[in-house]
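**Q** If it helps, the file is called start_12.cif and holds mmCIF, C-alpha atoms and all ligand atoms:
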```cif
data_model
loop_
_atom_site.label_atom_id
_atom_site.label_comp_id
_atom_site.auth_asym_id
_atom_site.auth_seq_id
_atom_site.Cartn_x
_atom_site.Cartn_y
_atom_site.Cartn_z
CA MET A 1 -100.53 -1.89 -81.79
CA SER A 2 -99.00 -4.66 -83.86
CA THR A 3 -97.97 -7.78 -81.96
CA PHE A 4 -94.55 -7.58 -83.54
CA GLN A 5 -93.38 -4.25 -82.29
CA ALA A 6 -90.37 -3.44 -80.14
CA PRO A 7 -91.15 -1.25 -77.11
CA LYS A 8 -91.16 2.52 -77.59
CA GLY A 9 -87.70 4.03 -77.84
CA THR A 10 -86.03 0.75 -78.73
CA TYR A 11 -85.05 -0.91 -81.98
CA ASP A 12 -83.57 -4.20 -83.06
CA LEU A 13 -80.24 -4.76 -84.70
CA ILE A 14 -80.81 -7.05 -87.63
CA PRO A 15 -78.66 -8.32 -90.47
CA PRO A 16 -77.09 -6.97 -92.53
CA ASN A 17 -76.95 -3.64 -90.58
CA SER A 18 -76.18 -5.36 -87.28
CA ALA A 19 -72.73 -6.17 -88.69
CA THR A 20 -71.92 -2.45 -88.63
CA TYR A 21 -72.71 -2.30 -84.90
CA LEU A 22 -70.41 -5.22 -84.19
CA ALA A 23 -67.69 -3.60 -86.27
CA VAL A 24 -68.09 -0.30 -84.40
CA ARG A 25 -67.83 -2.02 -81.02
CA GLU A 26 -64.78 -3.85 -82.27
CA ALA A 27 -63.15 -0.69 -83.64
CA ILE A 28 -63.65 1.16 -80.36
CA SER A 29 -62.26 -1.67 -78.29
CA VAL A 30 -59.17 -2.40 -80.39
CA PRO A 31 -57.12 0.62 -79.21
CA LEU A 32 -58.13 -0.13 -75.61
CA ARG A 33 -57.14 -3.79 -75.70
CA ASN A 34 -53.89 -2.64 -77.25
CA SER A 35 -53.21 -0.29 -74.33
CA GLY A 36 -53.53 -2.47 -71.27
CA TYR A 37 -57.30 -2.32 -70.72
CA GLY A 38 -58.89 -5.61 -69.59
CA TYR A 39 -62.46 -6.57 -70.41
CA ILE A 40 -65.07 -6.32 -67.66
CA GLU A 41 -68.73 -7.29 -67.71
CA THR A 42 -71.17 -6.34 -64.98
CA PRO A 43 -74.91 -7.07 -64.55
CA GLY A 44 -77.55 -5.15 -66.46
CA PHE A 45 -79.04 -4.02 -63.17
CA GLU A 46 -77.64 -2.88 -59.82
CA ASN A 47 -78.99 -1.80 -56.48
CA VAL A 48 -80.67 1.53 -57.15
CA GLU A 49 -78.61 3.00 -54.33
CA LEU A 50 -75.42 2.65 -56.36
CA PHE A 51 -76.68 4.99 -59.05
CA ALA A 52 -78.41 7.34 -56.63
CA ARG A 53 -75.10 7.84 -54.83
CA GLY A 54 -72.74 7.31 -57.73
CA VAL A 55 -74.45 9.19 -60.53
CA GLY A 56 -76.03 11.78 -58.26
CA GLU A 57 -79.44 12.32 -56.68
CA SER A 58 -79.88 15.62 -58.49
CA THR A 59 -79.03 14.49 -62.00
CA ASP A 60 -81.61 14.02 -64.74
CA ILE A 61 -80.36 10.47 -65.14
CA VAL A 62 -81.39 9.52 -61.59
CA THR A 63 -84.45 11.74 -61.14
CA LYS A 64 -86.07 11.28 -64.55
CA GLU A 65 -84.38 8.70 -66.70
CA MET A 66 -83.74 5.67 -64.53
CA TYR A 67 -85.74 2.45 -64.79
CA ALA A 68 -86.00 1.71 -61.08
CA PHE A 69 -88.14 -1.12 -59.72
CA GLU A 70 -88.73 -3.32 -56.74
CA THR A 71 -88.43 -7.09 -57.11
CA LYS A 72 -90.88 -9.60 -55.69
CA GLY A 73 -88.31 -10.16 -52.95
CA GLY A 74 -88.28 -6.48 -52.07
CA ASP A 75 -84.89 -5.56 -53.56
CA LYS A 76 -84.73 -2.04 -54.97
CA LEU A 77 -82.93 -2.27 -58.28
CA ALA A 78 -82.41 -0.18 -61.39
CA LEU A 79 -81.51 -1.03 -64.96
CA ARG A 80 -78.08 0.47 -65.47
CA PRO A 81 -78.27 3.93 -67.04
CA GLU A 82 -74.49 4.17 -67.45
CA GLY A 83 -71.38 2.10 -66.87
CA THR A 84 -68.94 3.89 -64.62
CA ALA A 85 -70.62 3.36 -61.24
CA SER A 86 -71.06 -0.37 -61.93
CA VAL A 87 -67.49 -0.86 -63.11
CA LEU A 88 -66.10 0.93 -60.07
CA ARG A 89 -68.39 -1.09 -57.79
CA ALA A 90 -67.19 -4.31 -59.38
CA ALA A 91 -63.52 -3.30 -59.18
CA LEU A 92 -63.90 -2.48 -55.48
CA GLU A 93 -65.81 -5.70 -54.80
CA ALA A 94 -63.05 -7.75 -56.46
CA ASN A 95 -60.34 -5.70 -54.71
CA LEU A 96 -58.69 -5.00 -58.04
CA HIS A 97 -57.34 -1.77 -56.57
CA LYS A 98 -55.41 -3.66 -53.89
CA GLY A 99 -53.11 -5.59 -56.21
CA GLY A 100 -50.57 -2.76 -55.95
CA ASN A 101 -50.99 -2.31 -59.65
CA LEU A 102 -52.69 1.00 -60.17
CA PRO A 103 -54.27 2.21 -62.32
CA VAL A 104 -56.71 -0.61 -62.90
CA LYS A 105 -57.60 -0.26 -66.57
CA LEU A 106 -60.89 -1.77 -67.73
CA TRP A 107 -63.09 -1.61 -70.81
CA TYR A 108 -66.68 -2.70 -71.30
CA SER A 109 -69.40 -2.96 -73.90
CA GLY A 110 -73.10 -3.33 -73.31
CA SER A 111 -76.68 -2.12 -73.15
CA TYR A 112 -77.82 0.89 -71.12
CA TYR A 113 -81.32 2.07 -70.31
CA ARG A 114 -82.74 5.54 -69.88
CA TYR A 115 -86.35 6.61 -69.85
CA GLU A 116 -85.99 9.49 -72.30
CA ARG A 117 -88.14 11.11 -74.95
CA PRO A 118 -87.21 9.00 -77.96
CA GLN A 119 -85.92 10.76 -81.06
CA LYS A 120 -83.22 10.19 -83.62
CA GLY A 121 -80.05 9.31 -81.71
CA ARG A 122 -81.86 9.17 -78.38
CA TYR A 123 -83.31 5.85 -77.33
CA ARG A 124 -84.49 4.11 -74.19
CA HIS A 125 -82.17 1.22 -74.84
CA PHE A 126 -78.82 2.04 -76.35
CA SER A 127 -75.33 0.66 -76.34
CA GLN A 128 -71.99 1.99 -75.24
CA VAL A 129 -68.39 0.94 -75.24
CA GLY A 130 -66.54 2.44 -72.32
CA ALA A 131 -63.19 2.56 -70.58
CA GLU A 132 -62.16 3.37 -67.02
CA ALA A 133 -58.69 3.88 -65.54
CA ILE A 134 -59.08 3.58 -61.79
CA GLY A 135 -56.75 4.69 -59.04
CA ALA A 136 -54.24 7.09 -60.56
CA GLU A 137 -53.97 10.83 -60.85
CA ASP A 138 -51.82 11.51 -63.86
CA PRO A 139 -52.53 13.89 -66.73
CA ALA A 140 -51.04 11.32 -69.10
CA LEU A 141 -53.87 8.96 -68.21
CA ASP A 142 -56.52 11.54 -69.08
CA ALA A 143 -54.67 12.22 -72.31
CA GLU A 144 -54.34 8.49 -73.06
CA LEU A 145 -58.08 7.96 -72.92
CA ILE A 146 -58.85 10.90 -75.17
CA ILE A 147 -56.18 9.79 -77.63
CA LEU A 148 -57.58 6.23 -77.71
CA ALA A 149 -61.12 7.42 -78.41
CA HIS A 150 -59.75 9.68 -81.13
CA GLN A 151 -57.83 6.74 -82.60
CA ALA A 152 -60.99 4.60 -82.54
CA TYR A 153 -63.05 7.19 -84.41
CA ARG A 154 -60.29 7.75 -86.91
CA SER A 155 -59.95 4.02 -87.53
CA LEU A 156 -63.64 4.02 -88.48
CA GLY A 157 -62.89 6.74 -91.02
CA LEU A 158 -64.76 9.50 -89.14
CA ARG A 159 -63.54 13.05 -89.71
CA ASP A 160 -66.33 15.49 -88.80
CA PHE A 161 -66.04 15.15 -85.07
CA ARG A 162 -64.60 17.58 -82.56
CA ILE A 163 -63.26 17.15 -79.05
CA LEU A 164 -64.50 19.64 -76.47
CA LEU A 165 -62.34 19.96 -73.37
CA ASN A 166 -62.77 21.59 -70.00
CA SER A 167 -61.69 21.32 -66.39
CA LEU A 168 -64.27 21.21 -63.61
CA GLY A 169 -61.80 21.88 -60.82
CA ASP A 170 -61.47 19.84 -57.66
CA LYS A 171 -62.72 19.89 -54.10
CA GLU A 172 -60.54 22.92 -53.36
CA CYS A 173 -61.65 25.30 -56.06
CA ARG A 174 -64.99 23.96 -57.24
CA PRO A 175 -66.94 24.94 -54.06
CA VAL A 176 -65.68 28.52 -54.31
CA TYR A 177 -66.79 28.70 -57.90
CA ARG A 178 -70.09 27.00 -57.11
CA ALA A 179 -70.92 29.67 -54.55
CA ALA A 180 -70.01 32.48 -56.96
CA LEU A 181 -72.11 30.92 -59.69
CA GLN A 182 -75.06 30.52 -57.32
CA ASP A 183 -74.85 34.21 -56.39
CA PHE A 184 -74.96 35.12 -60.05
CA LEU A 185 -77.78 32.71 -60.95
CA ARG A 186 -80.01 33.75 -58.07
CA GLY A 187 -80.22 37.19 -59.65
CA LEU A 188 -81.69 35.90 -62.94
CA GLN A 189 -85.28 35.51 -64.17
CA LEU A 190 -85.69 31.76 -64.06
CA ASP A 191 -88.53 29.27 -63.66
CA GLU A 192 -89.21 27.32 -60.48
CA ASP A 193 -87.42 24.14 -61.62
CA THR A 194 -84.30 25.97 -62.64
CA ARG A 195 -84.24 27.96 -59.40
CA ARG A 196 -84.28 24.67 -57.55
CA ARG A 197 -81.44 23.44 -59.72
CA ILE A 198 -79.37 26.49 -58.69
CA GLU A 199 -79.43 25.19 -55.15
CA ILE A 200 -78.67 21.52 -55.84
CA ASN A 201 -76.61 21.48 -59.01
CA PRO A 202 -75.86 25.01 -60.25
CA LEU A 203 -73.30 23.92 -62.85
CA ARG A 204 -76.05 22.13 -64.74
CA VAL A 205 -77.81 25.44 -65.34
CA LEU A 206 -74.91 26.40 -67.63
CA ASP A 207 -75.89 23.38 -69.72
CA ASP A 208 -79.49 24.60 -70.21
CA LYS A 209 -80.29 24.47 -73.90
CA ARG A 210 -83.03 27.16 -73.85
CA GLU A 211 -82.26 30.45 -75.56
CA ALA A 212 -83.97 32.52 -72.84
CA VAL A 213 -81.65 30.96 -70.28
CA GLN A 214 -78.51 31.11 -72.40
CA GLU A 215 -79.04 34.86 -73.02
CA GLN A 216 -79.00 35.54 -69.32
CA LEU A 217 -75.87 33.47 -68.79
CA ILE A 218 -73.70 35.96 -70.64
CA GLY A 219 -71.35 37.33 -68.03
CA ALA A 220 -71.74 34.35 -65.68
CA PRO A 221 -68.59 33.55 -63.71
CA MET A 222 -66.48 30.96 -65.51
CA LEU A 223 -64.93 28.01 -63.76
CA ARG A 224 -61.62 28.49 -65.56
CA ASP A 225 -61.18 31.80 -63.72
CA TYR A 226 -61.54 29.98 -60.41
CA LEU A 227 -59.28 26.96 -60.95
CA CYS A 228 -56.67 26.48 -58.23
CA GLU A 229 -53.01 26.25 -59.19
CA ALA A 230 -52.98 22.44 -58.97
CA CYS A 231 -55.97 22.13 -61.29
CA LYS A 232 -54.58 24.69 -63.71
CA THR A 233 -51.25 22.90 -63.96
CA TYR A 234 -52.94 19.53 -64.34
CA HIS A 235 -55.19 20.80 -67.10
CA GLU A 236 -52.32 22.48 -68.90
CA GLN A 237 -50.44 19.18 -68.94
CA VAL A 238 -53.41 17.31 -70.40
CA ARG A 239 -53.65 19.94 -73.12
CA GLU A 240 -49.93 19.75 -73.88
CA LEU A 241 -49.96 15.97 -74.13
CA LEU A 242 -52.91 16.03 -76.52
CA THR A 243 -51.24 18.65 -78.66
CA ALA A 244 -48.00 16.66 -78.74
CA ALA A 245 -50.03 13.62 -79.88
CA GLY A 246 -51.52 15.64 -82.72
CA VAL A 247 -55.04 15.41 -81.28
CA ALA A 248 -56.90 18.65 -81.87
CA PHE A 249 -59.38 19.85 -79.25
CA GLU A 250 -61.43 22.93 -78.46
CA ASP A 251 -61.49 24.53 -75.05
CA ASP A 252 -65.11 24.72 -73.98
CA PRO A 253 -65.36 26.55 -70.64
CA LYS A 254 -69.10 25.81 -70.48
CA LEU A 255 -68.82 22.04 -70.83
CA VAL A 256 -70.13 20.58 -67.56
CA ARG A 257 -71.65 17.19 -68.50
CA GLY A 258 -74.62 15.60 -66.82
CA LEU A 259 -73.06 13.56 -64.06
CA ASP A 260 -72.29 14.82 -60.58
CA TYR A 261 -69.13 12.86 -60.15
CA TYR A 262 -66.85 14.60 -62.62
CA THR A 263 -63.80 16.55 -61.40
CA ARG A 264 -61.00 18.23 -63.34
CA THR A 265 -60.76 16.93 -66.92
CA THR A 266 -64.09 16.65 -68.76
CA PHE A 267 -64.51 16.15 -72.46
CA GLU A 268 -67.06 15.38 -75.06
CA PHE A 269 -66.81 14.09 -78.61
CA VAL A 270 -69.35 15.83 -80.80
CA HIS A 271 -70.19 15.05 -84.38
CA ASP A 272 -71.33 17.83 -86.66
CA GLY A 273 -73.60 15.68 -88.81
CA LEU A 274 -76.00 14.57 -86.09
CA GLY A 275 -78.25 17.56 -85.43
CA SER A 276 -79.26 18.05 -81.81
CA GLN A 277 -78.08 14.63 -80.55
CA SER A 278 -74.53 15.60 -81.44
CA ALA A 279 -72.59 14.06 -78.54
CA VAL A 280 -71.21 10.73 -79.68
CA GLY A 281 -69.24 10.17 -76.51
CA GLY A 282 -67.96 11.78 -73.40
CA GLY A 283 -66.14 11.32 -70.18
CA GLY A 284 -63.81 12.75 -67.67
CA ARG A 285 -62.07 12.44 -64.37
CA TYR A 286 -64.04 11.37 -61.32
CA ASP A 287 -61.70 11.63 -58.36
CA GLY A 288 -64.48 11.61 -55.78
CA LEU A 289 -66.73 8.83 -57.06
CA SER A 290 -65.15 5.96 -55.16
CA GLU A 291 -65.70 7.74 -51.85
CA MET A 292 -69.23 8.67 -52.88
CA ILE A 293 -70.13 5.00 -53.18
CA GLY A 294 -68.36 4.12 -49.93
CA GLY A 295 -64.91 3.15 -51.24
CA PRO A 296 -61.39 4.46 -50.59
CA VAL A 297 -59.84 7.47 -52.33
CA LEU A 298 -59.29 6.35 -55.92
CA PRO A 299 -58.83 9.15 -58.44
CA SER A 300 -59.98 7.83 -61.79
CA VAL A 301 -60.83 8.80 -65.33
CA GLY A 302 -62.98 7.24 -68.05
CA TRP A 303 -65.26 7.66 -71.02
CA ALA A 304 -68.20 6.06 -72.75
CA LEU A 305 -68.85 6.22 -76.46
CA GLY A 306 -72.35 5.68 -77.80
CA VAL A 307 -72.47 2.93 -80.39
CA ASP A 308 -75.87 4.00 -81.81
CA ARG A 309 -74.76 7.58 -82.43
CA THR A 310 -71.41 6.45 -83.80
CA VAL A 311 -73.29 4.39 -86.39
CA LEU A 312 -75.40 7.48 -87.21
CA ALA A 313 -72.18 9.47 -87.54
CA LEU A 314 -70.88 6.94 -90.06
CA GLU A 315 -74.11 7.32 -92.03
CA ALA A 316 -73.87 11.11 -91.85
CA GLU A 317 -70.38 10.97 -93.36
CA GLY A 318 -71.44 8.42 -95.95
CA ILE A 319 -68.98 5.85 -94.63
CA THR A 320 -69.67 2.18 -95.35
CA LEU A 321 -67.42 -0.07 -93.32
CA ASP A 322 -65.54 -2.70 -95.20
CA ILE A 323 -67.24 -5.74 -93.69
CA PRO A 324 -66.30 -9.08 -95.27
CA ALA A 325 -69.27 -11.14 -96.50
CA ALA A 326 -70.47 -13.52 -93.81
CA THR A 327 -70.38 -16.41 -96.25
CA ALA A 328 -67.55 -17.26 -98.66
CA VAL A 329 -68.84 -20.55 -100.02
CA TYR A 330 -72.41 -21.74 -100.58
CA ALA A 331 -73.13 -25.41 -101.15
CA VAL A 332 -76.01 -26.50 -103.37
CA PRO A 333 -76.91 -30.22 -103.39
CA LEU A 334 -79.08 -31.71 -106.10
CA GLY A 335 -80.71 -34.82 -104.69
CA GLU A 336 -80.59 -36.89 -101.52
CA GLU A 337 -77.16 -38.45 -101.95
CA ALA A 338 -75.58 -35.10 -102.85
CA ARG A 339 -77.19 -33.57 -99.78
CA ARG A 340 -75.47 -36.09 -97.52
CA VAL A 341 -72.08 -35.78 -99.21
CA LEU A 342 -72.08 -32.00 -99.58
CA PHE A 343 -73.20 -31.48 -96.00
CA GLY A 344 -70.09 -33.41 -94.97
CA LYS A 345 -67.95 -31.12 -97.14
CA VAL A 346 -69.59 -28.05 -95.57
CA THR A 347 -68.61 -29.30 -92.13
CA GLU A 348 -65.05 -29.95 -93.36
CA LEU A 349 -64.78 -26.46 -94.84
CA ARG A 350 -66.11 -24.85 -91.67
CA ARG A 351 -63.64 -26.79 -89.54
CA ALA A 352 -60.92 -25.50 -91.86
CA GLY A 353 -62.10 -21.96 -91.11
CA VAL A 354 -63.87 -21.25 -94.40
CA ALA A 355 -67.20 -19.41 -93.92
CA THR A 356 -69.64 -21.78 -95.58
CA ASP A 357 -73.40 -22.10 -95.84
CA PHE A 358 -75.72 -24.72 -97.26
CA ALA A 359 -78.98 -24.77 -99.22
CA TYR A 360 -81.33 -26.25 -96.64
CA GLY A 361 -84.91 -27.30 -97.10
CA GLY A 362 -84.56 -29.25 -100.34
CA LYS A 363 -84.63 -26.20 -102.61
CA GLY A 364 -84.53 -26.60 -106.37
CA LEU A 365 -81.43 -25.45 -108.28
CA LYS A 366 -82.87 -22.08 -109.27
CA ASN A 367 -83.92 -21.09 -105.78
CA ALA A 368 -80.75 -22.45 -104.25
CA MET A 369 -78.60 -20.38 -106.64
CA LYS A 370 -80.62 -17.30 -105.72
CA SER A 371 -79.83 -17.93 -102.06
CA ALA A 372 -76.19 -18.47 -102.94
CA ASN A 373 -76.03 -15.07 -104.62
CA ARG A 374 -77.90 -13.39 -101.80
CA SER A 375 -75.48 -14.81 -99.22
CA GLY A 376 -72.63 -12.76 -100.65
CA ALA A 377 -70.56 -15.92 -101.22
CA ARG A 378 -67.89 -15.82 -103.90
CA LEU A 379 -68.09 -19.51 -104.66
CA ALA A 380 -70.79 -22.12 -104.95
CA LEU A 381 -70.27 -25.84 -104.68
CA VAL A 382 -72.87 -27.65 -106.78
CA ALA A 383 -73.21 -31.43 -106.95
CA GLY A 384 -75.70 -33.84 -108.47
CA GLU A 385 -75.72 -37.61 -108.83
CA ARG A 386 -73.59 -37.64 -111.97
CA ASP A 387 -70.90 -35.47 -110.31
CA LEU A 388 -70.75 -37.78 -107.33
CA ALA A 389 -70.43 -40.81 -109.57
CA GLU A 390 -67.39 -39.14 -111.14
CA GLY A 391 -65.98 -38.25 -107.71
CA VAL A 392 -66.28 -34.47 -108.32
CA VAL A 393 -68.29 -31.41 -107.36
CA GLN A 394 -68.72 -28.30 -109.50
CA LEU A 395 -66.95 -25.21 -108.20
CA LYS A 396 -68.71 -22.16 -109.50
CA ASP A 397 -67.38 -18.62 -109.38
CA LEU A 398 -70.53 -16.64 -108.61
CA ALA A 399 -69.20 -13.40 -110.10
CA SER A 400 -68.00 -14.74 -113.45
CA GLY A 401 -70.32 -17.75 -113.68
CA GLU A 402 -67.32 -19.88 -114.59
CA GLN A 403 -67.64 -23.49 -113.43
CA THR A 404 -64.96 -26.19 -112.99
CA PRO A 405 -65.17 -29.70 -111.60
CA ILE A 406 -62.93 -30.38 -108.60
CA ALA A 407 -62.12 -33.69 -106.93
CA LEU A 408 -64.38 -34.50 -103.99
CA ASP A 409 -61.45 -35.39 -101.76
CA ALA A 410 -59.65 -32.12 -102.55
CA VAL A 411 -62.54 -29.73 -101.85
CA VAL A 412 -60.91 -27.88 -98.95
CA ASP A 413 -57.63 -27.30 -100.81
CA GLU A 414 -59.34 -26.32 -104.06
CA VAL A 415 -61.71 -23.93 -102.35
CA ARG A 416 -58.86 -22.33 -100.45
CA ARG A 417 -56.90 -21.89 -103.65
CA ALA A 418 -59.90 -20.37 -105.42
CA LEU A 419 -60.51 -17.94 -102.55
CA GLY A 420 -56.87 -16.89 -102.73
P1 LIG B 501 -76.95 13.73 -74.02
O1 LIG B 501 -76.42 15.05 -73.57
O2 LIG B 501 -77.10 13.63 -75.51
O3 LIG B 501 -78.18 13.30 -73.27
P2 LIG B 501 -75.34 12.32 -72.16
O4 LIG B 501 -74.42 13.37 -71.64
O5 LIG B 501 -76.55 11.97 -71.36
O6 LIG B 501 -75.80 12.66 -73.66
P3 LIG B 501 -73.48 10.22 -71.49
O7 LIG B 501 -74.17 9.85 -70.25
O8 LIG B 501 -72.20 10.95 -71.40
O9 LIG B 501 -74.50 11.01 -72.46
O10 LIG B 501 -73.28 8.90 -72.39
C1 LIG B 501 -72.20 8.79 -73.32
C2 LIG B 501 -72.72 8.57 -74.71
O11 LIG B 501 -73.75 7.58 -74.71
C3 LIG B 501 -73.37 9.77 -75.34
O12 LIG B 501 -72.40 10.62 -75.88
C4 LIG B 501 -74.24 9.14 -76.40
O13 LIG B 501 -73.48 8.79 -77.56
C5 LIG B 501 -74.68 7.88 -75.73
N1 LIG B 501 -76.04 8.05 -75.19
C6 LIG B 501 -76.41 8.57 -74.01
N2 LIG B 501 -77.74 8.55 -73.86
C7 LIG B 501 -78.22 7.97 -75.00
C8 LIG B 501 -79.54 7.64 -75.47
N3 LIG B 501 -80.61 7.87 -74.73
N4 LIG B 501 -79.66 7.07 -76.70
C9 LIG B 501 -78.58 6.82 -77.46
N5 LIG B 501 -77.33 7.09 -77.07
C10 LIG B 501 -77.14 7.67 -75.85
MG MG B 502 -78.53 12.47 -71.47
#
```
Spell out the structure here as structure tokens.
**A**
Amino acid sequence: MSTFQAPKGTYDLIPPNSATYLAVREAISVPLRNSGYGYIETPGFENVELFARGVGESTDIVTKEMYAFETKGGDKLALRPEGTASVLRAALEANLHKGGNLPVKLWYSGSYYRYERPQKGRYRHFSQVGAEAIGAEDPALDAELIILAHQAYRSLGLRDFRILLNSLGDKECRPVYRAALQDFLRGLQLDEDTRRRIEINPLRVLDDKREAVQEQLIGAPMLRDYLCEACKTYHEQVRELLTAAGVAFEDDPKLVRGLDYYTRTTFEFVHDGLGSQSAVGGGGRYDGLSEMIGGPVLPSVGWALGVDRTVLALEAEGITLDIPAATAVYAVPLGEEARRVLFGKVTELRRAGVATDFAYGGKGLKNAMKSANRSGARLALVAGERDLAEGVVQLKDLASGEQTPIALDAVVDEVRRALG
């Protein structure tokens, strides 16, 4: 193994591609910040108990994918595999729900960790931007979140994604359905593991990707036939609000999602150019989660969008984001005196908000001009002893090659004018 190798299932974000990741995070957060969501940041690890209770003891995330460890002090912790449980924990700890101002709307962005089999679009370290609206039961809130994710993807120029929508029912109707589904599943030819899953988390069996399982699921009872009146009405309103907003979706009665805490509205954003890792984001309502982690009743809804897969989706659609060059002006000093003077001008330009870089390391003219071109700058400032003696520097347009002397004490104004 090479010494310089990131751990299995991880990769580094490096320039220039890293700029796309920043732009994606930004694009996803803009509609949220514009809709009353405040930024929250929580630790990269939590007590393992939070995820065991919050995400669910029977989920793949907790049983197989979590990086859990014990510290030297004996604390049992886990790297966060997802954001919702942490955000809710933090909101409860800070009593945000007691301000009389529900829902509490929060957004976050960060790294998440799952011990998975690495493949394209599936990593052990990945990043998400997420949003949670805590403490209100209102179909408009579910619709809002879906509309904002849709807006974010559209603002990135994505087109080949679809929204899958379902309702998972609530504590009235879900248990009735669960029992009916269990009855049905117990009659099938299934392996040991799956039979165990029938008893702990039967809805997950519907999610089984294997053909041999899917074939047998034809004719399984469907949750939508078991929804109580309240859930039906709620779901119908979410659908109407989305339709009124011009956001197209597909009803997917088999969409169950991997987390135990979802109730009622669940949805997934899938992209058709990504092969088997097609889910770019997902979420739903989690009316019971607060109680599951020991809090009060706080019906809530949220989503998380995967940044890595969103970047892959951009690639799949051939979209290059319009990212401005990091450097607008590149300064090239010829000689010691010019180095001192030009460095001062670089500082001045930066303080004036002009993205400026400098040829460090005493490079010769040829090498320095190569660096200038590579930086993406539109302008170079070149100065040698003779220029300084005349009180000027040469302003060079790097595209046209055209060069004009400008007064040393007017550099900021002249550069601004030239940049337009
Ligand atoms: P999948 O079914 O593909 O495993 P998931 O249901 O586990 O996805 P969520 O927990 O809903 O995913 O996370 C939301 C989003 O985070 C996903 O849609 C995906 O874009 C991203 N994501 C989840 N796990 C990974 C991973 N291991 N690597 C990269 N991105 C991931
Ligand atoms: Mg997963």
**Q** Return the single residue from A:Arg186, A:Arg33, A:Arg239, A:Arg124 that is closest to ligand LIG 501 (chain B), with distances computed using all atoms listed in the file.
**A** A:Arg124
**Q** Counting all atoms listed in the file, name the residues that have an atom within 9 Å of an atom of ligand LIG 501 (chain B); the answer should be given as a ChimeraX atom specification.
**A** /A:9,60-61,65,81-83,112-130,257-259,268-270,276-283,303-310
**Q** How many Å separate CA of Ala143 (chain A) from CA of Val238 (chain A)?
**A**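 If I compute the distance from CA of Ala143 (chain A) to CA of Val238 (chain A), I get 5.6 Å.
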**Q** Might you pull out every residue within 9 Å of Ser300 (chain A), with only C-alpha atoms counted and same-chain residues fewer than 6 positions away left off, and present them as a list in words?
**A**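 Close residues of Ser300 (chain A): Pro103, Glu132, Ala133, Ile134, Gly135, Ala136, Glu137, Leu141, Asp142, Gly284, Arg285, Tyr286, Asp287, Gly288, Leu289 and Ser290 of chain A.
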**Q** Do you have the CA of Asp413 (chain A)-CA of Ala377 (chain A) distance handy?
**A**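 According to the coordinates, CA of Asp413 (chain A) and CA of Ala377 (chain A) are separated by 17.2 Å.
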**Q** Would you mind listing what lies within 12 Å of Gly376 (chain A) as a list in words, with all atoms listed in the file counted and same-chain residues fewer than 5 positions away left out?
**A**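 Listed by chain and then number, they are Pro16, Ile323, Pro324, Ala325, Ala326, Thr327, Ala328, Val329, Tyr330, Ala355, Thr356, Asp357, Met369, Lys370, Ser371, Asp397, Leu398 and Ala399 of chain A.
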**Q** When you look at Asp387 (chain A) with a cut-off of 12 Å (counting all atoms listed in the file), what residues show up, excluding the ones that are within fewer than 3 positions of it in the same chain? I need them as a PDB file with C-alpha atoms, in the frame of the given file.
**A**
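Output file result-v1.pdb is given in full below:
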```pdb
ATOM      1  CA  PRO A 333     -76.910 -30.220-103.390  1.00  0.00           C
ATOM      2  CA  LEU A 334     -79.080 -31.710-106.100  1.00  0.00           C
ATOM      3  CA  GLY A 335     -80.710 -34.820-104.690  1.00  0.00           C
ATOM      4  CA  GLU A 337     -77.160 -38.450-101.950  1.00  0.00           C
ATOM      5  CA  ALA A 338     -75.580 -35.100-102.850  1.00  0.00           C
ATOM      6  CA  VAL A 341     -72.080 -35.780 -99.210  1.00  0.00           C
ATOM      7  CA  LEU A 342     -72.080 -32.000 -99.580  1.00  0.00           C
ATOM      8  CA  LEU A 381     -70.270 -25.840-104.680  1.00  0.00           C
ATOM      9  CA  VAL A 382     -72.870 -27.650-106.780  1.00  0.00           C
ATOM     10  CA  ALA A 383     -73.210 -31.430-106.950  1.00  0.00           C
ATOM     11  CA  GLY A 384     -75.700 -33.840-108.470  1.00  0.00           C
ATOM     12  CA  GLU A 390     -67.390 -39.140-111.140  1.00  0.00           C
ATOM     13  CA  GLY A 391     -65.980 -38.250-107.710  1.00  0.00           C
ATOM     14  CA  VAL A 392     -66.280 -34.470-108.320  1.00  0.00           C
ATOM     15  CA  VAL A 393     -68.290 -31.410-107.360  1.00  0.00           C
ATOM     16  CA  GLN A 394     -68.720 -28.300-109.500  1.00  0.00           C
ATOM     17  CA  LEU A 395     -66.950 -25.210-108.200  1.00  0.00           C
ATOM     18  CA  THR A 404     -64.960 -26.190-112.990  1.00  0.00           C
ATOM     19  CA  PRO A 405     -65.170 -29.700-111.600  1.00  0.00           C
ATOM     20  CA  ILE A 406     -62.930 -30.380-108.600  1.00  0.00           C
ATOM     21  CA  ALA A 407     -62.120 -33.690-106.930  1.00  0.00           C
ATOM     22  CA  LEU A 408     -64.380 -34.500-103.990  1.00  0.00           C
TER      23      LEU A 408
END
```
**Q** Between A:Pro299, A:Pro221, A:Phe358, A:Leu188, single out the one closest to Leu102 (chain A), counting only C-alpha atoms.
**A**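 So, comparing all the options, the nearest one is A:Pro299.
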**Q** Would you compute the distance between CA of Leu92 (chain A) and CA of Val297 (chain A)? Give it in Å to one decimal.
**A** 11.2 Å
